[in-house]
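J.: Pasting entry30.cif below, which is mmCIF, C-alpha atoms.
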data_target
#
loop_
_atom_site.label_atom_id
_atom_site.label_comp_id
_atom_site.auth_asym_id
_atom_site.auth_seq_id
_atom_site.Cartn_x
_atom_site.Cartn_y
_atom_site.Cartn_z
CA MET Y 9 105.78 87.32 115.33
CA CYS Y 10 106.28 87.49 111.58
CA ASN Y 11 106.32 91.30 111.34
CA ARG Y 12 107.87 91.28 107.89
CA LYS Y 13 104.67 89.92 106.40
CA TYR Y 14 102.73 93.08 107.00
CA ASN Y 15 105.28 95.82 107.48
CA ILE Y 16 105.85 95.99 103.74
CA LEU Y 17 102.26 96.07 102.52
CA PHE Y 18 102.33 99.79 101.88
CA LEU Y 19 103.01 101.16 98.50
CA LEU Y 20 102.76 104.78 99.52
CA ALA Y 21 99.20 105.02 98.35
CA GLY Y 22 98.84 108.57 99.58
CA SER Y 23 101.68 110.16 97.65
CA LEU Y 24 101.02 107.96 94.64
CA LEU Y 25 98.17 110.12 93.42
CA ILE Y 26 99.20 113.58 94.40
CA ASN Y 27 102.82 113.52 93.28
CA LEU Y 28 102.91 111.68 89.99
CA PRO Y 29 105.05 113.11 87.21
CA LEU Y 30 102.81 114.80 84.66
CA HIS Y 31 105.51 115.81 82.23
CA ALA Y 32 106.05 113.66 79.16
CA GLN Y 33 106.41 114.10 75.46
CA GLU Y 34 103.55 116.12 73.97
CA PRO Y 35 101.23 113.26 72.82
CA CYS Y 36 101.11 111.99 76.44
CA HIS Y 37 100.74 115.36 78.16
CA CYS Y 38 97.50 116.19 79.98
CA PRO Y 39 97.55 119.75 81.41
CA GLU Y 40 94.10 119.26 82.96
CA ALA Y 41 95.42 116.49 85.20
CA GLU Y 42 97.63 119.05 86.94
CA SER Y 43 94.66 121.09 88.19
CA LEU Y 44 92.74 117.97 89.27
CA ARG Y 45 95.65 116.27 90.97
CA ALA Y 46 95.44 118.09 94.34
CA PRO Y 47 91.72 117.55 95.10
CA MET Y 48 91.88 114.03 93.70
CA GLY Y 49 94.84 113.18 95.94
CA TYR Y 50 93.28 114.82 98.99
CA TYR Y 51 90.10 112.74 98.78
CA PHE Y 52 92.00 109.56 97.99
CA ASN Y 53 94.36 109.99 100.93
CA SER Y 54 91.50 110.70 103.32
CA GLY Y 55 89.64 107.58 102.18
CA GLN Y 56 86.81 109.45 100.44
CA LEU Y 57 87.01 107.31 97.34
CA ASP Y 58 83.66 108.38 95.85
CA SER Y 59 84.84 111.98 95.79
CA ALA Y 60 88.21 110.88 94.38
CA SER Y 61 86.38 109.05 91.57
CA PHE Y 62 84.33 112.17 90.86
CA TYR Y 63 87.49 114.17 90.16
CA ALA Y 64 89.09 111.34 88.19
CA ARG Y 65 86.05 111.16 85.90
CA LYS Y 66 86.44 114.85 85.08
CA LEU Y 67 89.36 113.82 82.87
CA LEU Y 68 86.87 112.16 80.52
CA ASN Y 69 85.52 115.61 79.60
CA TYR Y 70 88.69 116.48 77.71
CA LYS Y 71 89.21 115.27 74.14
CA ASN Y 72 92.75 114.26 74.85
CA THR Y 73 93.98 110.67 74.80
CA ALA Y 74 96.67 111.54 77.34
CA CYS Y 75 93.97 112.58 79.82
CA ILE Y 76 92.28 109.21 79.26
CA ILE Y 77 95.59 107.54 80.13
CA PHE Y 78 95.69 109.41 83.44
CA TYR Y 79 92.05 108.56 84.04
CA GLN Y 80 92.74 104.84 83.62
CA GLY Y 81 95.70 105.00 86.00
CA TRP Y 82 93.86 106.97 88.68
CA MET Y 83 90.81 104.72 88.51
CA ALA Y 84 93.03 101.64 88.83
CA GLN Y 85 94.44 103.04 92.08
CA ILE Y 86 90.95 103.76 93.39
CA ALA Y 87 89.78 100.24 92.43
CA ILE Y 88 92.70 98.72 94.34
CA ALA Y 89 91.86 100.87 97.37
CA GLU Y 90 88.28 99.56 97.10
CA LYS Y 91 89.67 96.02 96.97
CA ASN Y 92 88.20 95.59 93.48
CA THR Y 93 91.17 94.01 91.73
CA GLY Y 94 89.02 92.86 88.79
CA ALA Y 95 88.24 96.46 87.86
CA ALA Y 96 91.86 97.45 88.56
CA ARG Y 97 93.10 94.88 86.04
CA LEU Y 98 90.82 96.32 83.34
CA PHE Y 99 91.90 99.91 84.00
CA LEU Y 100 95.58 98.92 83.99
CA ALA Y 101 95.25 96.91 80.78
CA GLU Y 102 93.63 99.88 79.02
CA GLU Y 103 96.27 102.24 80.40
CA GLU Y 104 99.09 100.03 79.10
CA LYS Y 105 97.45 99.76 75.68
CA LEU Y 106 97.15 103.55 75.36
CA LEU Y 107 100.70 104.09 76.59
CA LYS Y 108 101.99 101.83 73.82
CA GLU Y 109 99.74 103.35 71.16
CA LYS Y 110 100.89 106.87 72.03
CA ASN Y 111 104.53 105.80 72.46
CA CYS Y 112 104.63 107.63 75.78
CA ASN Y 113 107.76 108.47 77.72
CA GLN Y 114 109.10 106.11 80.37
CA ASP Y 115 108.00 108.34 83.26
CA LEU Y 116 104.36 107.36 82.67
CA TYR Y 117 105.35 103.69 82.60
CA VAL Y 118 106.95 104.18 86.02
CA ARG Y 119 103.54 105.15 87.42
CA HIS Y 120 101.87 102.26 85.60
CA TYR Y 121 104.28 99.68 87.03
CA SER Y 122 103.94 101.16 90.52
CA THR Y 123 100.16 100.75 90.48
CA LEU Y 124 100.50 97.26 89.01
CA ALA Y 125 102.94 96.32 91.77
CA ARG Y 126 100.48 97.41 94.41
CA MET Y 127 97.79 95.22 92.89
CA TYR Y 128 100.09 92.20 92.87
CA MET Y 129 100.97 92.85 96.51
CA GLU Y 130 97.27 92.90 97.39
CA LEU Y 131 96.87 89.57 95.59
CA ASN Y 132 100.01 88.05 97.20
CA GLN Y 133 101.37 87.30 93.73
CA HIS Y 134 105.01 87.79 94.64
CA ASP Y 135 106.46 86.39 91.41
CA SER Y 136 104.54 88.95 89.35
CA LEU Y 137 105.49 91.63 91.88
CA VAL Y 138 109.20 90.88 91.38
CA ILE Y 139 108.98 91.20 87.58
CA THR Y 140 106.92 94.39 87.86
CA GLY Y 141 109.38 95.90 90.32
CA LEU Y 142 112.31 95.15 87.99
CA LYS Y 143 110.45 96.69 85.04
CA GLY Y 144 109.70 99.74 87.17
CA ILE Y 145 113.40 100.12 88.03
CA ASP Y 146 114.32 99.94 84.34
CA ALA Y 147 111.66 102.49 83.35
CA ALA Y 148 112.60 104.89 86.16
CA THR Y 149 116.30 104.62 85.33
CA LYS Y 150 115.63 105.44 81.66
CA ALA Y 151 113.38 108.34 82.64
CA LYS Y 152 115.92 109.59 85.22
CA ASP Y 153 113.00 109.68 87.65
CA TYR Y 154 114.42 109.31 91.18
CA TYR Y 155 110.98 109.36 92.78
CA GLY Y 156 109.88 106.47 90.56
CA LEU Y 157 113.19 104.70 91.09
CA SER Y 158 112.72 104.84 94.85
CA ARG Y 159 109.18 103.50 94.52
CA ALA Y 160 110.20 100.66 92.21
CA ASN Y 161 113.06 99.57 94.48
CA THR Y 162 110.67 99.65 97.43
CA ASP Y 163 108.18 97.48 95.54
CA LEU Y 164 110.91 94.94 94.81
CA ALA Y 165 112.15 95.03 98.41
CA ALA Y 166 108.58 94.40 99.56
CA ALA Y 167 108.41 91.24 97.49
CA PHE Y 168 111.57 89.80 99.04
CA SER Y 169 110.63 90.95 102.54
CA SER Y 170 107.28 89.20 102.28
CA ILE Y 171 108.95 85.83 101.62
CA GLY Y 172 111.49 86.25 104.40
CA GLN Y 173 114.55 87.20 102.30
CA THR Y 174 115.38 90.11 104.59
CA THR Y 175 118.97 90.68 103.45
CA LYS Y 176 117.92 91.06 99.82
CA ALA Y 177 115.04 93.31 100.89
CA ILE Y 178 117.50 95.57 102.73
CA PHE Y 179 119.63 95.81 99.57
CA TYR Y 180 116.68 97.18 97.57
CA TYR Y 181 115.44 99.37 100.45
CA ARG Y 182 118.86 101.01 100.59
CA ASN Y 183 118.68 101.66 96.86
CA ALA Y 184 115.22 103.12 97.43
CA MET Y 185 116.54 105.36 100.20
CA ALA Y 186 119.38 106.66 98.03
CA ALA Y 187 116.94 107.52 95.24
CA ALA Y 188 114.43 109.07 97.68
CA LYS Y 189 117.08 111.52 98.89
CA LEU Y 190 117.77 112.60 95.30
CA GLN Y 191 114.15 113.43 94.45
CA ASP Y 192 112.26 116.56 95.48
CA LYS Y 193 108.67 115.66 94.52
CA VAL Y 194 107.61 114.13 97.84
CA PRO Y 195 109.44 115.34 100.99
CA SER Y 196 107.98 112.50 103.07
CA LEU Y 197 109.19 109.76 100.70
CA VAL Y 198 112.39 109.42 102.73
CA ALA Y 199 110.25 108.80 105.82
CA SER Y 200 108.20 106.11 104.11
CA VAL Y 201 111.30 104.25 102.91
CA ALA Y 202 113.01 104.72 106.27
CA THR Y 203 110.21 102.92 108.13
CA ARG Y 204 110.44 99.92 105.81
CA LEU Y 205 114.20 99.74 106.04
CA ALA Y 206 113.93 100.02 109.83
CA ASN Y 207 111.42 97.16 109.96
CA SER Y 208 113.85 94.97 107.99
CA TYR Y 209 116.62 95.80 110.47
CA LEU Y 210 114.25 94.75 113.26
CA GLU Y 211 113.83 91.42 111.50
CA LEU Y 212 117.60 90.93 111.53
CA PHE Y 213 117.72 91.98 115.19
CA LYS Y 214 115.07 89.41 116.04
CA ILE Y 215 117.21 86.68 114.46
CA SER Y 216 120.71 87.75 115.50
CA LYS Y 217 120.07 89.85 118.65
CA LYS Y 218 122.83 92.20 117.48
CA ALA Y 219 122.21 95.61 119.03
CA VAL Y 220 123.49 97.43 115.94
CA TYR Y 221 120.36 96.41 114.01
CA ALA Y 222 118.01 97.64 116.73
CA ASP Y 223 119.95 100.91 116.98
CA SER Y 224 119.74 101.41 113.21
CA ALA Y 225 116.00 100.76 113.31
CA ALA Y 226 115.51 103.31 116.11
CA ILE Y 227 117.49 106.00 114.28
CA LEU Y 228 115.52 105.46 111.07
CA GLY Y 229 112.19 105.31 112.90
CA LEU Y 230 112.76 108.59 114.75
CA GLU Y 231 114.01 110.24 111.55
CA ALA Y 232 110.85 109.09 109.76
CA LEU Y 233 108.68 110.42 112.58
CA THR Y 234 110.33 113.85 112.40
CA ILE Y 235 110.03 114.08 108.61
CA ALA Y 236 106.40 112.90 108.61
CA GLU Y 237 105.40 115.47 111.25
CA LYS Y 238 107.23 118.26 109.43
CA SER Y 239 105.72 117.40 106.04
CA LYS Y 240 102.28 116.68 107.56
CA ASP Y 241 102.12 113.27 105.86
CA PHE Y 242 99.52 111.40 107.92
CA LEU Y 243 100.20 107.93 106.52
CA ALA Y 244 103.96 108.28 106.96
CA PHE Y 245 103.35 109.51 110.52
CA LEU Y 246 101.30 106.40 111.37
CA GLU Y 247 103.88 104.10 109.77
CA ALA Y 248 106.67 105.74 111.77
CA ASN Y 249 104.69 105.09 114.97
CA GLU Y 250 104.33 101.48 113.82
CA THR Y 251 108.10 101.16 113.44
CA MET Y 252 108.77 102.69 116.85
CA ALA Y 253 106.19 100.37 118.43
CA GLY Y 254 108.01 97.40 116.88
CA TYR Y 255 111.38 98.66 118.09
CA SER Y 256 110.02 99.22 121.61
CA LEU Y 257 108.55 95.72 121.72
CA GLN Y 258 111.78 94.03 120.69
CA THR Y 259 113.92 96.04 123.10
CA GLY Y 260 111.69 95.52 126.14
CA LYS Y 261 110.24 99.04 126.28
CA THR Y 262 106.67 97.82 126.69
CA ALA Y 263 105.13 101.06 127.90
CA ASP Y 264 106.53 102.91 124.88
CA ALA Y 265 105.20 100.18 122.60
CA ILE Y 266 101.69 100.62 123.99
CA ARG Y 267 101.94 104.40 123.63
CA TYR Y 268 102.95 104.19 119.96
CA ALA Y 269 100.31 101.53 119.28
CA GLU Y 270 97.56 103.65 120.81
CA VAL Y 271 98.52 106.60 118.60
CA ILE Y 272 97.84 104.35 115.59
CA ILE Y 273 94.60 102.91 117.00
CA ASN Y 274 93.18 106.28 117.99
CA SER Y 275 94.27 108.16 114.84
CA SER Y 276 93.53 105.72 112.01
CA PRO Y 277 90.19 106.32 110.24
CA ARG Y 278 87.83 103.34 110.30
CA GLY Y 279 86.16 101.79 107.31
CA VAL Y 280 88.87 102.93 104.88
CA HIS Y 281 90.69 100.08 103.16
CA LEU Y 282 93.82 102.17 102.76
CA PHE Y 283 94.13 102.39 106.57
CA ASP Y 284 92.99 98.85 107.46
CA ARG Y 285 96.60 97.66 107.36
CA ILE Y 286 97.91 100.36 109.67
CA THR Y 287 94.95 99.91 112.05
CA TYR Y 288 95.75 96.21 112.17
CA THR Y 289 99.35 96.94 113.19
CA GLY Y 290 98.16 99.17 116.03
CA PHE Y 291 96.02 96.44 117.56
CA SER Y 292 98.66 93.80 116.83
CA LYS Y 293 101.46 95.74 118.54
CA LYS Y 294 99.28 96.47 121.55
CA ALA Y 295 98.32 92.79 121.78
CA ALA Y 296 102.00 91.84 121.81
CA ALA Y 297 102.79 94.48 124.45
CA LEU Y 298 99.97 93.31 126.72
CA TYR Y 299 101.24 89.75 126.29
CA GLN Y 300 104.67 90.89 127.50
CA LEU Y 301 102.93 92.31 130.57
CA LYS Y 302 101.23 88.92 131.09
CA LYS Y 303 97.79 90.47 130.59
CA TYR Y 304 96.70 87.54 128.46
CA VAL Y 305 92.94 88.16 128.36
CA GLU Y 306 93.41 91.80 127.27
CA SER Y 307 96.02 90.65 124.77
CA GLY Y 308 93.53 88.21 123.27
CA ILE Y 309 90.92 90.97 122.89
CA MET Y 310 93.41 93.17 121.03
CA ALA Y 311 94.42 90.20 118.87
CA ASP Y 312 90.76 89.64 117.90
CA SER Y 313 90.53 93.27 116.77
CA ALA Y 314 93.76 92.88 114.82
CA LEU Y 315 92.35 89.83 113.04
CA GLN Y 316 89.29 91.82 111.98
CA TYR Y 317 91.44 94.37 110.13
CA ALA Y 318 93.86 91.75 108.80
CA THR Y 319 90.93 89.92 107.23
CA ALA Y 320 89.70 93.15 105.66
CA PHE Y 321 93.09 94.04 104.19
CA ASN Y 322 95.15 91.00 103.22
CA PRO Y 323 95.17 87.27 104.09
CA GLN Y 324 98.94 87.42 104.58
CA MET Y 325 98.51 89.52 107.72
CA MET Y 326 96.10 86.97 109.18
CA ILE Y 327 99.08 84.71 109.92
CA ASP Y 328 100.43 87.03 112.61
CA ALA Y 329 96.92 87.82 113.84
CA TYR Y 330 96.17 84.14 114.47
CA GLU Y 331 99.59 83.69 116.06
CA ASN Y 332 98.79 86.48 118.55
CA ILE Y 333 95.47 84.81 119.35
CA TYR Y 334 97.17 81.44 119.73
CA GLN Y 335 99.82 82.77 122.10
CA ALA Y 336 97.29 84.60 124.28
CA ALA Y 337 94.95 81.61 124.41
CA LYS Y 338 97.78 79.24 125.25
CA ALA Y 339 99.01 81.48 128.07
CA SER Y 340 95.51 81.76 129.53
CA SER Y 341 94.99 77.96 129.29
CA ASN Y 342 92.24 78.23 126.66
CA SER Y 343 93.35 75.19 124.69
CA THR Y 344 90.30 75.00 122.40
CA ARG Y 345 90.65 78.57 121.20
CA GLY Y 346 94.43 78.22 120.94
CA LEU Y 347 94.30 75.05 118.85
CA ALA Y 348 91.75 76.53 116.44
CA ALA Y 349 93.90 79.66 115.96
CA TYR Y 350 97.04 77.59 115.48
CA GLU Y 351 95.46 75.39 112.82
CA LYS Y 352 94.21 78.43 110.87
CA MET Y 353 97.61 80.10 111.14
CA VAL Y 354 99.42 77.05 109.73
CA SER Y 355 96.84 76.56 106.98
CA ILE Y 356 97.16 80.15 105.69
CA ARG Y 357 100.95 80.16 105.99
CA ASP Y 358 101.32 76.91 104.06
CA SER Y 359 99.01 78.14 101.31
CA LEU Y 360 100.96 81.37 100.81
CA PHE Y 361 104.58 80.39 101.39
CA SER Y 362 106.82 77.48 100.53
CA VAL Y 363 110.48 76.83 99.82
CA GLU Y 364 109.61 76.15 96.19
CA LYS Y 365 107.85 79.50 95.79
CA ASN Y 366 110.78 81.35 97.36
CA LYS Y 367 113.25 79.67 95.02
CA ALA Y 368 111.06 80.41 92.01
CA ILE Y 369 110.85 84.10 92.91
CA THR Y 370 114.62 84.37 93.40
CA GLU Y 371 115.17 82.59 90.09
CA LEU Y 372 112.87 85.09 88.36
CA GLU Y 373 115.02 87.97 89.53
CA LYS Y 374 118.21 86.23 88.33
CA LYS Y 375 116.77 85.40 84.92
CA TYR Y 376 115.42 88.91 84.43
CA ASN Y 377 118.75 90.52 85.30
CA GLN Y 378 120.63 87.95 83.21
CA ALA Y 379 118.39 88.62 80.19
CA LYS Y 380 118.82 92.37 80.68
CA ASN Y 381 122.62 91.98 80.85
CA GLU Y 382 122.64 89.80 77.74
CA ASN Y 383 120.60 92.43 75.89
CA THR Y 384 123.05 95.08 77.05
CA ILE Y 385 125.99 93.00 75.79
CA ARG Y 386 124.29 92.50 72.43
CA ASP Y 387 123.56 96.23 72.20
CA LEU Y 388 127.19 97.02 72.98
CA ALA Y 389 128.36 94.51 70.37
CA LYS Y 390 126.10 96.14 67.78
CA MET Y 391 127.40 99.57 68.74
CA LYS Y 392 130.98 98.35 68.36
CA GLN Y 393 130.16 97.00 64.91
CA ILE Y 394 128.57 100.32 63.96
CA TYR Y 395 131.57 102.28 65.23
CA PHE Y 396 133.93 99.94 63.37
CA LEU Y 397 132.00 100.38 60.12
CA LEU Y 398 131.91 104.16 60.63
CA ALA Y 399 135.67 104.14 61.20
CA ILE Y 400 136.24 102.15 57.98
CA ALA Y 401 133.91 104.50 56.11
CA GLY Y 402 135.80 107.48 57.52
CA ILE Y 403 139.15 106.05 56.41
CA LEU Y 404 137.81 105.31 52.92
CA ALA Y 405 136.38 108.84 52.72
CA LEU Y 406 139.75 110.33 53.67
CA LEU Y 407 141.51 108.17 51.08
CA ALA Y 408 138.97 109.22 48.43
CA ILE Y 409 139.44 112.90 49.31
CA GLY Y 410 143.23 112.51 49.22
CA PHE Y 411 143.05 110.75 45.85
CA TYR Y 412 140.75 113.47 44.49
CA VAL Y 413 143.03 116.27 45.70
CA ARG Y 414 146.07 114.54 44.20
CA GLN Y 415 144.33 114.08 40.85
CA GLN Y 416 143.27 117.73 40.81
CA SER Y 417 146.84 118.77 41.63
CA LEU Y 418 148.28 116.64 38.83
CA LYS Y 419 145.67 117.93 36.41
CA HIS Y 420 146.48 121.51 37.35
CA LYS Y 421 150.20 120.94 36.82
#
The structure given in the file should be rewritten as structure tokens.
T.:
Amino acid sequence: MCNRKYNILFLLAGSLLINLPLHAQEPCHCPEAESLRAPMGYYFNSGQLDSASFYARKLLNYKNTACIIFYQGWMAQIAIAEKNTGAARLFLAEEEKLLKEKNCNQDLYVRHYSTLARMYMELNQHDSLVITGLKGIDAATKAKDYYGLSRANTDLAAAFSSIGQTTKAIFYYRNAMAAAKLQDKVPSLVASVATRLANSYLELFKISKKAVYADSAAILGLEALTIAEKSKDFLAFLEANETMAGYSLQTGKTADAIRYAEVIINSSPRGVHLFDRITYTGFSKKAAALYQLKKYVESGIMADSALQYATAFNPQMMIDAYENIYQAAKASSNSTRGLAAYEKMVSIRDSLFSVEKNKAITELEKKYNQAKNENTIRDLAKMKQIYFLLAIAGILALLAIGFYVRQQSLKHK
């Protein structure tokens, strides 16, 4: 199964709202957002988006442009959670305009790029996601924001993971993990990154069958589970169970896989877009486990449920859902159902992925980094010129002072 295509569709939506940096230079500071952040985040994380919108709109009561900036960003996140990307685009465009007008600090741009990245992931626009992730890394580095740096690296890793470039995804996930351990805003951030890094190791294990990758995934998955339970981060807890279900499936521990999958199925709230992805993984993992047990009819039923949530969340996940249905139908000799599922799976996969698209996305990353390096070289060259001119000016000043002192001495004599 192509687990990589849904394991990375996360973007830490829960901690996005409740742990954003609110400090910036004075024109972009909104003290009122601090008091509204906790209830706003609580309702967002629990899927009560109407209540979350109610608290976001309270920011409009304050005659402060900075509060309007936060309002635009929060509403964009809510619109994405409601699968209303049209509204999200408008909120994000207005937020960016105000950020530029107010000349806000880079830490607010980090949040902006993170929300924008999530929207591009929802839309399967991986080229735009790559550019946004790189911009987020730059902004977070300038702001010395390790939380934002971890998020931006995770966004970029997600883009490469989604197109099957697992090694490159692991590179950025490791960067994200290093930054996550340096921040203290969100204790469960390490858990969230750990699950994604673990899922990438499972991809490598699937290809190479090297036990070291499976062992690394298990260590990271259990670490994530412990951190999520300690910090009471519900989303991170479900994602850790997802990782452990995937590990159990690939290492032949079918009973454990079913146990982890059922935790997800029984715990995930229904009818909440934010949790549709994780609910899908629960049904998908259980379908795969039942297939391993040769319970093909039951596997097909679970695969149908998985497809329902994949359709609700993101077309990319429908590829694996249809593959599960195809495998179960084929094993139970239901050729009509199997053929229909196979044709849909191929159709969606071909529309979303191609060698040309993968090359284009990789080329974007190279060009962006090359342009950034060229700008850095030009900046260094300018600095060298400035230092050289300052040195010449300093020498001339010393000569002038020496000449003046000598003249005064001669005059005195």
J.: Grab the atom CA of Y:Asn72 to atom CA of Y:Ser43 distance for me, in Å with one decimal place.
T.: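 A separation of 15.1 Å between them.
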J.: Write out as a ChimeraX atom specification each polymer residue whose atoms come within 7 Å of Y:Val118, counting all atoms listed in the file; drop sequence neighbours fewer than 2 positions from it.
T.: /Y:114-116,120-122,144,147-148,156
J.: In Å to one decimal, how far is atom CA of Y:Tyr128 from atom CA of Y:Arg204?
T.: 18.3 Å
J.: Can you tell me, as a PyMOL selection string, what residues are no more than 10 Å from stretch 216-230 of chain Y when counting all atoms listed in the file, ignoring any on the same chain fewer than 4 positions away?
T.: chain Y and resi 198-212+234-236+247-256+258-259
J.: Rounded to one decimal in Å, what is the spacing between atom CA of Y:Lys352 and atom CA of Y:Ser292?
T.: 17.1 Å
J.: Between Y:Ser61, Y:Ile86, Y:Leu124, Y:Ile266, which has the minimum distance to Y:Val280 (counting only C-alpha atoms)?
T.: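 Smallest separation from Y:Val280 among the options: Y:Ile86.
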J.: Take the PyMOL selection byres ((chain Y and resi 185) around 9), run it mentally on this structure, and tell me the resulting residues as a ChimeraX atom specification.
T.: /Y:158,161-162,180-184,186-190,197-198,201-202,205
J.: Take the residues that were just selected and, keeping C-alpha atoms, output them as a short mmCIF file (atom, residue, chain, number, x, y, z; two decimals), keeping the file's coordinate frame.
T.:
data_model
loop_
_atom_site.label_atom_id
_atom_site.label_comp_id
_atom_site.auth_asym_id
_atom_site.auth_seq_id
_atom_site.Cartn_x
_atom_site.Cartn_y
_atom_site.Cartn_z
CA SER Y 158 112.72 104.84 94.85
CA ASN Y 161 113.06 99.57 94.48
CA THR Y 162 110.67 99.65 97.43
CA TYR Y 180 116.68 97.18 97.57
CA TYR Y 181 115.44 99.37 100.45
CA ARG Y 182 118.86 101.01 100.59
CA ASN Y 183 118.68 101.66 96.86
CA ALA Y 184 115.22 103.12 97.43
CA ALA Y 186 119.38 106.66 98.03
CA ALA Y 187 116.94 107.52 95.24
CA ALA Y 188 114.43 109.07 97.68
CA LYS Y 189 117.08 111.52 98.89
CA LEU Y 190 117.77 112.60 95.30
CA LEU Y 197 109.19 109.76 100.70
CA VAL Y 198 112.39 109.42 102.73
CA VAL Y 201 111.30 104.25 102.91
CA ALA Y 202 113.01 104.72 106.27
CA LEU Y 205 114.20 99.74 106.04
#
J.: Can you tell me, as a list in words, what residues are no more than 7 Å from Y:Tyr350 when counting all atoms listed in the file, ignoring any on the same chain fewer than 4 positions away?
T.: Tyr330, Glu331, Tyr334, Gly346 and Val354 of chain Y
J.: Check what the PyMOL selection byres ((chain Y and resi 317-323) around 7) selects in the file above and give those residues as a PyMOL selection string.
T.: chain Y and resi 130+281+284-285+287-288+313-316+324-326
J.: So that I can see what lies close to Y:Ser59, please list as number ranges by chain the residues with an atom at most 9 Å from it, counting all atoms listed in the file and leaving out residues fewer than 5 positions away in the same chain.
T.: Y: 47-48, 51-52, 64
J.: Find the smallest box with edges along x, y and z containing every listed atom of stretch 54-71 of chain Y, then add 6 Å on each side and report centre and edge lengths in Å to one decimal, as lines of an AutoDock Vina configuration file.
T.:
center_x = 87.6
center_y = 111.9
center_z = 88.7
size_x = 19.8
size_y = 21.2
size_z = 41.2
J.: Go through Y:Ser276, Y:Thr289, Y:Thr149, Y:Thr175 and flag the residue nearest Y:Asn53, using all atoms listed in the file for the distances.
T.: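 Counting all atoms listed in the file, the residue closest to Y:Asn53 is Y:Ser276.
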